[in-house]
file run-v1.tsv (TSV, C-alpha atoms)
chain	number	residue	atom	x	y	z
A	1	MET	CA	-23.95	14.87	6.65
A	2	LYS	CA	-24.03	17.13	3.59
A	3	THR	CA	-21.27	17.02	1.01
A	4	PRO	CA	-18.68	19.55	2.22
A	5	ASN	CA	-16.82	22.17	0.22
A	6	ILE	CA	-13.16	21.33	0.74
A	7	LYS	CA	-10.07	23.39	0.04
A	8	ILE	CA	-6.63	21.76	-0.09
A	9	VAL	CA	-3.59	23.99	0.40
A	10	GLY	CA	-0.48	22.30	-0.94
A	11	ALA	CA	-0.36	20.12	-4.04
A	12	GLY	CA	2.43	17.75	-3.04
A	13	LEU	CA	2.10	14.03	-2.43
A	14	LEU	CA	-0.50	14.21	0.35
A	15	GLY	CA	-2.46	17.17	-1.00
A	16	THR	CA	-2.74	15.73	-4.50
A	17	SER	CA	-3.54	12.26	-3.15
A	18	LEU	CA	-6.28	13.79	-1.00
A	19	GLY	CA	-7.69	15.61	-4.02
A	20	LEU	CA	-7.62	12.44	-6.14
A	21	ALA	CA	-9.36	10.47	-3.39
A	22	LEU	CA	-12.08	13.12	-3.04
A	23	THR	CA	-12.59	13.19	-6.81
A	24	LYS	CA	-13.04	9.44	-6.75
A	25	HIS	CA	-15.84	9.97	-4.21
A	26	GLY	CA	-17.58	12.67	-6.21
A	27	ILE	CA	-16.13	15.74	-4.44
A	28	THR	CA	-14.17	18.32	-6.42
A	29	ALA	CA	-11.76	20.09	-4.11
A	30	GLN	CA	-10.38	23.59	-4.51
A	31	LEU	CA	-6.58	23.44	-4.81
A	32	ALA	CA	-3.98	26.05	-3.92
A	33	ASP	CA	-0.19	25.91	-4.05
A	34	GLN	CA	2.67	28.40	-4.23
A	35	SER	CA	4.18	26.30	-7.00
A	36	LYS	CA	2.27	26.92	-10.22
A	37	ALA	CA	3.82	23.82	-11.76
A	38	ASN	CA	2.70	21.55	-8.90
A	39	LEU	CA	-0.77	23.10	-8.94
A	40	ARG	CA	-1.16	22.64	-12.67
A	41	LEU	CA	0.06	19.04	-12.54
A	42	ALA	CA	-2.31	18.17	-9.70
A	43	ILE	CA	-5.25	19.69	-11.59
A	44	GLU	CA	-4.30	17.86	-14.79
A	45	TYR	CA	-4.22	14.61	-12.82
A	46	GLY	CA	-7.80	15.29	-11.70
A	47	ALA	CA	-7.16	16.22	-8.07
A	48	GLY	CA	-9.40	19.30	-8.14
A	49	GLN	CA	-9.65	22.81	-9.54
A	50	GLU	CA	-8.18	26.21	-8.76
A	51	THR	CA	-11.45	27.95	-7.96
A	52	GLY	CA	-14.29	26.89	-5.70
A	53	SER	CA	-17.01	27.92	-3.26
A	54	GLU	CA	-16.29	29.19	0.24
A	55	PRO	CA	-14.90	26.10	1.99
A	56	ASP	CA	-16.41	24.34	4.97
A	57	LEU	CA	-13.13	22.56	5.60
A	58	VAL	CA	-9.56	23.58	4.73
A	59	VAL	CA	-6.83	20.92	4.75
A	60	VAL	CA	-3.29	22.32	4.91
A	61	CYS	CA	-0.77	19.98	3.24
A	62	VAL	CA	2.49	21.94	3.30
A	63	PRO	CA	5.93	21.19	4.85
A	64	PRO	CA	5.95	21.22	8.69
A	65	ASP	CA	7.98	24.43	9.01
A	66	MET	CA	5.31	26.32	7.02
A	67	THR	CA	2.23	24.60	8.44
A	68	ALA	CA	1.38	26.89	11.38
A	69	GLU	CA	1.77	30.06	9.31
A	70	VAL	CA	-0.45	28.71	6.51
A	71	ILE	CA	-3.06	27.49	9.01
A	72	ALA	CA	-3.24	30.97	10.58
A	73	ARG	CA	-3.59	32.57	7.15
A	74	GLU	CA	-6.40	30.20	6.13
A	75	LEU	CA	-8.25	30.78	9.42
A	76	GLU	CA	-8.22	34.52	8.75
A	77	LYS	CA	-9.15	34.09	5.07
A	78	HIS	CA	-12.11	31.77	5.74
A	79	PRO	CA	-13.82	32.98	8.95
A	80	SER	CA	-16.33	30.12	9.25
A	81	ALA	CA	-14.28	27.17	8.03
A	82	THR	CA	-12.74	24.39	10.08
A	83	VAL	CA	-9.02	24.16	9.34
A	84	THR	CA	-6.91	21.03	9.77
A	85	ASP	CA	-3.54	19.85	8.52
A	86	VAL	CA	-1.70	16.61	7.73
A	87	ALA	CA	1.70	17.33	9.29
A	88	SER	CA	3.56	14.53	11.07
A	89	THR	CA	3.86	16.45	14.36
A	90	LYS	CA	1.05	18.16	16.22
A	91	ALA	CA	1.90	19.76	19.59
A	92	GLN	CA	4.36	22.42	18.37
A	93	ILE	CA	2.16	23.36	15.41
A	94	ALA	CA	-0.89	23.74	17.68
A	95	GLN	CA	1.09	26.01	20.01
A	96	GLU	CA	2.37	28.13	17.12
A	97	VAL	CA	-1.16	28.55	15.74
A	98	LYS	CA	-2.35	29.81	19.13
A	99	GLU	CA	0.42	32.40	19.10
A	100	LEU	CA	-0.33	33.53	15.55
A	101	THR	CA	-4.11	34.01	15.58
A	102	THR	CA	-7.12	34.42	17.84
A	103	GLU	CA	-9.08	32.21	15.45
A	104	HIS	CA	-7.25	29.08	16.67
A	105	PRO	CA	-10.36	27.36	18.18
A	106	ARG	CA	-11.43	26.53	14.61
A	107	TYR	CA	-8.15	24.66	14.04
A	108	ILE	CA	-7.95	20.95	14.84
A	109	GLY	CA	-4.81	19.13	13.81
A	110	SER	CA	-4.88	15.75	12.13
A	111	HIS	CA	-2.42	13.29	10.66
A	112	PRO	CA	-3.18	10.53	8.16
A	113	MET	CA	-0.62	7.77	8.80
A	114	ALA	CA	0.11	7.36	5.11
A	115	GLY	CA	2.86	8.37	2.73
A	116	ARG	CA	5.53	7.21	0.33
A	117	GLU	CA	9.31	7.51	0.23
A	118	LYS	CA	9.14	9.96	-2.69
A	119	GLY	CA	7.03	13.10	-2.70
A	120	GLY	CA	5.43	15.45	-5.21
A	121	PRO	CA	2.14	15.38	-7.12
A	122	GLY	CA	3.58	12.90	-9.61
A	123	LYS	CA	3.71	10.24	-6.88
A	124	ALA	CA	0.14	10.82	-5.66
A	125	ARG	CA	-2.36	7.95	-5.35
A	126	ALA	CA	-6.11	8.05	-4.83
A	127	ASP	CA	-5.94	5.04	-2.49
A	128	LEU	CA	-3.13	6.40	-0.30
A	129	PHE	CA	-5.37	6.82	2.77
A	130	PHE	CA	-7.50	3.70	2.36
A	131	ALA	CA	-7.51	1.51	5.49
A	132	ARG	CA	-4.82	3.72	7.12
A	133	PRO	CA	-5.20	5.35	10.55
A	134	TRP	CA	-6.13	9.05	10.43
A	135	ILE	CA	-5.29	10.68	13.76
A	136	ILE	CA	-7.48	13.57	14.90
A	137	ALA	CA	-5.29	15.45	17.40
A	138	ALA	CA	-7.93	17.47	19.21
A	139	GLU	CA	-7.48	19.49	22.38
A	140	SER	CA	-9.85	18.65	25.24
A	141	ASN	CA	-11.95	21.79	24.58
A	142	ALA	CA	-12.28	21.27	20.81
A	143	ALA	CA	-15.79	21.65	19.37
A	144	SER	CA	-17.37	18.27	18.66
A	145	ASP	CA	-18.95	19.42	15.39
A	146	ARG	CA	-15.56	20.44	13.99
A	147	ILE	CA	-14.03	17.12	15.07
A	148	GLU	CA	-16.89	15.41	13.26
A	149	GLU	CA	-16.05	17.24	10.02
A	150	ILE	CA	-12.56	15.76	10.03
A	151	ARG	CA	-13.85	12.34	11.04
A	152	ASP	CA	-16.31	12.50	8.14
A	153	LEU	CA	-13.49	13.35	5.72
A	154	ALA	CA	-11.43	10.37	6.90
A	155	LEU	CA	-14.37	7.98	6.66
A	156	ARG	CA	-15.26	9.16	3.16
A	157	LEU	CA	-11.76	8.16	2.05
A	158	GLY	CA	-11.88	4.75	3.73
A	159	ALA	CA	-9.41	5.81	6.42
A	160	LEU	CA	-9.68	4.80	10.09
A	161	PRO	CA	-10.14	7.90	12.29
A	162	GLN	CA	-8.72	7.82	15.81
A	163	GLN	CA	-8.74	10.65	18.33
A	164	MET	CA	-5.96	11.57	20.75
A	165	THR	CA	-4.33	14.69	22.15
A	166	PRO	CA	-1.51	16.39	20.22
A	167	GLN	CA	0.93	15.36	22.94
A	168	ASP	CA	-0.12	11.70	22.83
A	169	HIS	CA	0.13	11.77	19.04
A	170	ASP	CA	3.70	13.05	19.10
A	171	SER	CA	4.70	10.46	21.68
A	172	ALA	CA	3.17	7.68	19.55
A	173	VAL	CA	4.73	8.67	16.23
A	174	ALA	CA	8.13	9.08	17.89
A	175	ILE	CA	8.29	5.33	18.57
A	176	VAL	CA	6.39	3.95	15.55
A	177	SER	CA	7.64	6.34	12.85
A	178	HIS	CA	10.40	8.78	13.76
A	179	LEU	CA	12.77	6.40	15.57
A	180	PRO	CA	12.48	3.79	12.76
A	181	GLN	CA	13.29	6.50	10.21
A	182	LEU	CA	16.50	7.41	12.02
A	183	ALA	CA	17.47	3.76	12.52
A	184	ALA	CA	16.93	3.03	8.81
A	185	SER	CA	18.97	6.07	7.81
A	186	LEU	CA	21.84	5.12	10.11
A	187	VAL	CA	22.00	1.57	8.76
A	188	ALA	CA	21.73	2.77	5.15
A	189	ALA	CA	24.52	5.31	5.74
A	190	ARG	CA	26.90	2.42	6.54
A	191	LEU	CA	26.42	1.19	2.96
A	192	ASN	CA	28.29	4.20	1.56
A	193	SER	CA	31.59	2.69	2.67
A	194	ALA	CA	30.71	-0.91	1.77
A	195	ASN	CA	32.48	-2.87	-0.96
A	196	PRO	CA	30.15	-2.72	-4.02
A	197	SER	CA	30.63	-6.44	-4.61
A	198	HIS	CA	29.39	-7.10	-1.08
A	199	LEU	CA	26.19	-5.17	-1.81
A	200	ASP	CA	25.49	-7.60	-4.66
A	201	LEU	CA	24.66	-10.12	-1.94
A	202	ALA	CA	21.92	-7.94	-0.47
A	203	GLY	CA	18.66	-9.70	0.24
A	204	GLN	CA	15.21	-8.67	1.36
A	205	GLY	CA	16.32	-8.14	4.96
A	206	LEU	CA	18.55	-5.22	4.01
A	207	ARG	CA	15.90	-3.79	1.69
A	208	ASP	CA	13.22	-4.02	4.38
A	209	THR	CA	15.48	-2.42	6.98
A	210	THR	CA	16.56	0.52	4.78
A	211	ARG	CA	13.48	1.14	2.61
A	212	ILE	CA	12.37	4.30	4.38
A	213	ALA	CA	15.91	5.70	4.33
A	214	ALA	CA	15.09	6.86	0.78
A	215	SER	CA	12.74	9.51	2.21
A	216	ASP	CA	13.19	13.26	1.67
A	217	PRO	CA	15.96	14.52	4.03
A	218	GLU	CA	14.69	18.12	4.08
A	219	LEU	CA	11.17	17.05	5.06
A	220	TRP	CA	12.42	14.70	7.75
A	221	LEU	CA	14.74	17.34	9.17
A	222	GLN	CA	11.68	19.49	9.84
A	223	ILE	CA	9.72	16.60	11.36
A	224	LEU	CA	12.56	15.53	13.65
A	225	ASN	CA	13.22	19.09	14.76
A	226	GLN	CA	9.58	19.60	15.73
A	227	ASN	CA	9.38	16.35	17.69
A	228	ALA	CA	12.90	16.37	19.16
A	229	ALA	CA	11.70	16.28	22.77
A	230	GLN	CA	9.89	12.98	22.21
A	231	ILE	CA	12.58	11.36	20.04
A	232	ALA	CA	15.69	12.21	22.09
A	233	PRO	CA	14.90	9.91	25.07
A	234	LEU	CA	14.21	7.01	22.69
A	235	LEU	CA	17.54	7.57	20.98
A	236	SER	CA	19.32	7.62	24.34
A	237	GLU	CA	17.81	4.23	25.19
A	238	LEU	CA	18.77	2.86	21.78
A	239	SER	CA	22.27	4.23	22.17
A	240	SER	CA	22.65	2.44	25.52
A	241	ASP	CA	21.58	-0.84	23.90
A	242	LEU	CA	24.06	-0.33	21.07
A	243	ASP	CA	26.86	0.36	23.55
A	244	GLU	CA	25.98	-2.85	25.37
A	245	ILE	CA	26.04	-4.86	22.15
A	246	SER	CA	29.29	-3.27	21.03
A	247	LYS	CA	31.00	-4.16	24.31
A	248	SER	CA	29.76	-7.74	24.10
A	249	LEU	CA	30.94	-8.20	20.52
A	250	SER	CA	34.33	-6.63	21.21
A	251	ASP	CA	35.00	-9.49	23.63
A	252	PRO	CA	32.47	-12.30	23.01
A	253	GLU	CA	34.51	-14.68	25.21
A	254	ALA	CA	34.03	-12.48	28.27
A	255	SER	CA	31.67	-13.73	30.95
A	256	GLY	CA	28.09	-12.68	30.23
A	257	SER	CA	28.74	-11.34	26.69
A	258	LEU	CA	26.70	-13.96	24.86
A	259	ALA	CA	23.92	-13.79	27.42
A	260	LYS	CA	23.61	-10.03	26.86
A	261	LEU	CA	23.46	-10.51	23.09
A	262	HIS	CA	20.85	-13.21	23.46
A	263	ALA	CA	18.77	-11.00	25.73
A	264	VAL	CA	18.75	-8.20	23.14
A	265	LEU	CA	17.66	-10.61	20.40
A	266	GLU	CA	14.91	-12.01	22.62
A	267	ARG	CA	13.64	-8.53	23.46
A	268	GLY	CA	13.51	-7.90	19.72
A	269	ASN	CA	11.33	-10.99	19.30
A	270	GLN	CA	9.05	-9.76	22.05
A	271	GLY	CA	8.81	-6.32	20.43
A	272	VAL	CA	7.88	-7.72	17.03
A	273	SER	CA	5.16	-9.84	18.66
A	274	LYS	CA	3.51	-6.64	19.90
A	275	ILE	CA	3.08	-5.14	16.42
A	276	PRO	CA	-0.59	-5.42	15.45
A	277	GLY	CA	-1.36	-7.42	12.34
A	278	LYS	CA	-4.50	-7.59	10.25
A	279	HIS	CA	-7.79	-7.07	12.14
A	280	GLY	CA	-5.84	-6.18	15.29
A	281	GLY	CA	-4.26	-9.60	15.67
A	282	LYS	CA	-0.54	-10.02	16.21
A	283	TYR	CA	1.64	-10.38	13.13
A	284	ALA	CA	3.74	-12.99	14.91
A	285	GLU	CA	0.67	-15.24	15.23
A	286	TYR	CA	0.62	-15.87	11.48
A	287	GLU	CA	2.31	-18.82	9.81
A	288	GLN	CA	4.54	-18.27	6.79
A	289	VAL	CA	4.35	-20.30	3.61
A	290	THR	CA	6.97	-19.43	0.97
A	291	VAL	CA	6.27	-20.23	-2.68
A	292	ILE	CA	8.80	-20.13	-5.53
A	293	ILE	CA	7.49	-18.54	-8.75
A	294	ASP	CA	9.10	-17.77	-12.09
A	295	ASP	CA	10.17	-14.19	-12.68
A	296	SER	CA	7.75	-13.80	-15.57
A	297	PRO	CA	4.56	-11.85	-16.38
A	298	GLY	CA	1.46	-13.31	-14.77
A	299	ALA	CA	3.26	-15.67	-12.37
A	300	LEU	CA	2.24	-13.84	-9.19
A	301	ALA	CA	-1.30	-13.26	-10.47
A	302	ALA	CA	-1.66	-17.01	-11.19
A	303	LEU	CA	-0.56	-17.87	-7.66
A	304	LEU	CA	-2.97	-15.43	-6.03
A	305	THR	CA	-5.82	-16.61	-8.25
A	306	PHE	CA	-5.16	-20.21	-7.25
A	307	ILE	CA	-5.13	-19.32	-3.54
A	308	GLY	CA	-8.42	-17.49	-3.95
A	309	GLU	CA	-9.96	-20.51	-5.67
A	310	ILE	CA	-9.09	-22.79	-2.74
A	311	ASP	CA	-10.66	-20.23	-0.38
A	312	VAL	CA	-7.59	-19.42	1.73
A	313	ASN	CA	-7.30	-15.88	3.05
A	314	ILE	CA	-3.87	-14.19	2.89
A	315	GLU	CA	-3.17	-12.04	5.93
A	316	ASP	CA	0.00	-10.48	4.47
A	317	LEU	CA	2.32	-10.96	1.51
A	318	LYS	CA	5.91	-10.09	0.61
A	319	LEU	CA	7.72	-10.67	-2.67
A	320	GLU	CA	11.49	-11.16	-2.63
A	321	HIS	CA	13.94	-11.33	-5.52
A	322	SER	CA	17.54	-12.42	-5.10
A	323	PRO	CA	20.06	-10.62	-7.35
A	324	GLY	CA	20.71	-12.60	-10.54
A	325	ALA	CA	17.99	-15.18	-9.85
A	326	GLU	CA	15.17	-15.67	-12.37
A	327	ILE	CA	12.73	-16.62	-9.65
A	328	GLY	CA	10.75	-14.82	-7.00
A	329	LEU	CA	9.99	-15.92	-3.45
A	330	VAL	CA	6.44	-15.12	-2.36
A	331	GLU	CA	6.20	-15.09	1.43
A	332	LEU	CA	2.56	-15.64	2.41
A	333	GLN	CA	1.35	-14.98	5.95
A	334	VAL	CA	-1.75	-17.01	6.82
A	335	MET	CA	-3.55	-18.06	9.95
A	336	PRO	CA	-2.17	-21.32	11.38
A	337	SER	CA	-5.54	-22.98	10.82
A	338	SER	CA	-5.19	-22.35	7.05
A	339	ALA	CA	-1.51	-23.23	6.64
A	340	LYS	CA	-1.92	-27.01	6.36
A	341	GLN	CA	-4.62	-26.72	3.70
A	342	LEU	CA	-2.60	-24.15	1.75
A	343	ILE	CA	0.59	-26.24	1.77
A	344	SER	CA	-1.28	-29.38	0.76
A	345	SER	CA	-3.18	-27.71	-2.09
A	346	LEU	CA	-0.11	-25.95	-3.46
A	347	THR	CA	1.97	-29.11	-3.37
A	348	GLU	CA	-0.70	-31.22	-5.06
A	349	SER	CA	-1.03	-28.64	-7.85
A	350	GLY	CA	2.68	-28.54	-8.59
A	351	TRP	CA	3.66	-25.26	-6.95
A	352	ARG	CA	7.20	-25.23	-5.56
A	353	LEU	CA	7.54	-24.49	-1.87
A	354	VAL	CA	10.54	-23.52	0.22

call {"tool": "encode", "arguments": {"input": "run-v1.tsv", "output": "structure tokens"}}
result
Amino acid sequence: MKTPNIKIVGAGLLGTSLGLALTKHGITAQLADQSKANLRLAIEYGAGQETGSEPDLVVVCVPPDMTAEVIARELEKHPSATVTDVASTKAQIAQEVKELTTEHPRYIGSHPMAGREKGGPGKARADLFFARPWIIAAESNAASDRIEEIRDLALRLGALPQQMTPQDHDSAVAIVSHLPQLAASLVAARLNSANPSHLDLAGQGLRDTTRIAASDPELWLQILNQNAAQIAPLLSELSSDLDEISKSLSDPEASGSLAKLHAVLERGNQGVSKIPGKHGGKYAEYEQVTVIIDDSPGALAALLTFIGEIDVNIEDLKLEHSPGAEIGLVELQVMPSSAKQLISSLTESGWRLV
């Protein structure tokens, strides 16, 4: 397939990251943004240029509330181009585009499952989409050649294109993205009334649980509003579970209280076991080896170099620091068949294990 002319509308986190990734692969995108400051910063970073040839593909990277309007405008402005977007919801936007323009058959929604807690061009990364799913939310009557243009874009960036309907997409992200965001925000909100000295005890569990609560409230308000129909039933189910737990804890001596709590915890174990890990395997299948390292420059790099030299593959890694401690805990996830060799080699070479 020939190198496409690509226009990116919106120079925020995703738009600038997309431009940087294309630049890395030898494609200079045309950039547009209502904010002159954002546009200038994205161009100075090397994400593209303000002028360009008539685009083959337009990628709209603006907030969800503006997405349908901008898509319709770009369809009218570029009468032969395929237009897509990167918004986190798809069904409502697709419906709005149909109502706004007769050119809607050239629009095919998409959604790269990538992002960061903080937005703006200053947070952009060229590798943001690498090895991340890129959903192509095509209607059943969408033209195959236009779908292929978006698939080609995803593959050029090292993303993993998957195709589903807009409705299936919204149902999927409700459970894997939108519900977790609300749960994280609700837990993090409890910290506002916590004793500051108690927060000094916070470990990695709290940080993991609340990390995404640092996301942009205005952006998430738009996302949640557009996908409310899919999220509301999930919240009702979660609310019922919370009521059940609350009743059990209010009287743990009552008959059946502990059994109900245990059942919830077991269902949580079962849910975690369903989360895909590396190469499609289950994360729960991995074995954890925790190594203690000094909190000093080069300590983590030395550990990873050593593991590479003994030819053990790391499936996942997490670094934890405890407040006030001058050490780090490196939690390594490896296949069970590699765990014994890793533990033995680390121990023999003087590494400290938990």

call {"tool": "atom_distance", "arguments": {"input": "run-v1.tsv", "atom1": "CA of Leu31 in chain A", "atom2": "CA of Gly48 in chain A"}}
result
6.0 Å

call {"tool": "atom_distance", "arguments": {"input": "run-v1.tsv", "atom1": "CA of His321 in chain A", "atom2": "CA of Leu300 in chain A"}}
result
12.5 Å

call {"tool": "residues_around", "arguments": {"input": "run-v1.tsv", "residues": "Met164 in chain A", "least_positions_apart": "2", "cutoff": "9 Å", "atoms": "all atoms listed in the file", "output": "MDAnalysis selection string"}}
result
chainID A and resid 135:139 162 166:169

call {"tool": "closest_residue", "arguments": {"input": "run-v1.tsv", "among": "A:Lys123, A:His178, A:Lys260, A:Lys318", "to": "Ile212 in chain A", "atoms": "all atoms listed in the file"}}
result
A:His178

call {"tool": "closest_residue", "arguments": {"input": "run-v1.tsv", "among": "A:Asp294, A:Ile314, A:Pro336, A:His262", "to": "Trp351 in chain A", "atoms": "all atoms listed in the file"}}
result
A:Asp294

call {"tool": "closest_residue", "arguments": {"input": "run-v1.tsv", "among": "A:Pro55, A:Gly256, A:Gly120, A:Pro64", "to": "Gly12 in chain A", "atoms": "all atoms listed in the file"}}
result
A:Gly120

call {"tool": "residues_near_point", "arguments": {"input": "run-v1.tsv", "point": "(-6.3, 18.1, 11.8)", "cutoff": "12 Å", "atoms": "only C-alpha atoms", "output": "PyMOL selection string"}}
result
chain A and resi 57-61+67-68+71+82-91+93-94+105-112+134-139+142+146-151+153-154+161-166+169

call {"tool": "residues_around", "arguments": {"input": "run-v1.tsv", "residues": "Arg40 in chain A", "least_positions_apart": "2", "cutoff": "12 Å", "atoms": "all atoms listed in the file", "output": "list of chain:residue names"}}
result
A:Gly10, A:Ala11, A:Gly12, A:Thr16, A:Leu31, A:Ala32, A:Asp33, A:Gln34, A:Ser35, A:Lys36, A:Ala37, A:Asn38, A:Ala42, A:Ile43, A:Glu44, A:Tyr45, A:Gly46, A:Ala47, A:Gly48, A:Gln49, A:Glu50, A:Pro121, A:Gly122

call {"tool": "closest_residue", "arguments": {"input": "run-v1.tsv", "among": "A:Glu326, A:Asp316, A:Glu253, A:Asp200", "to": "Thr290 in chain A", "atoms": "only C-alpha atoms"}}
result
A:Asp316
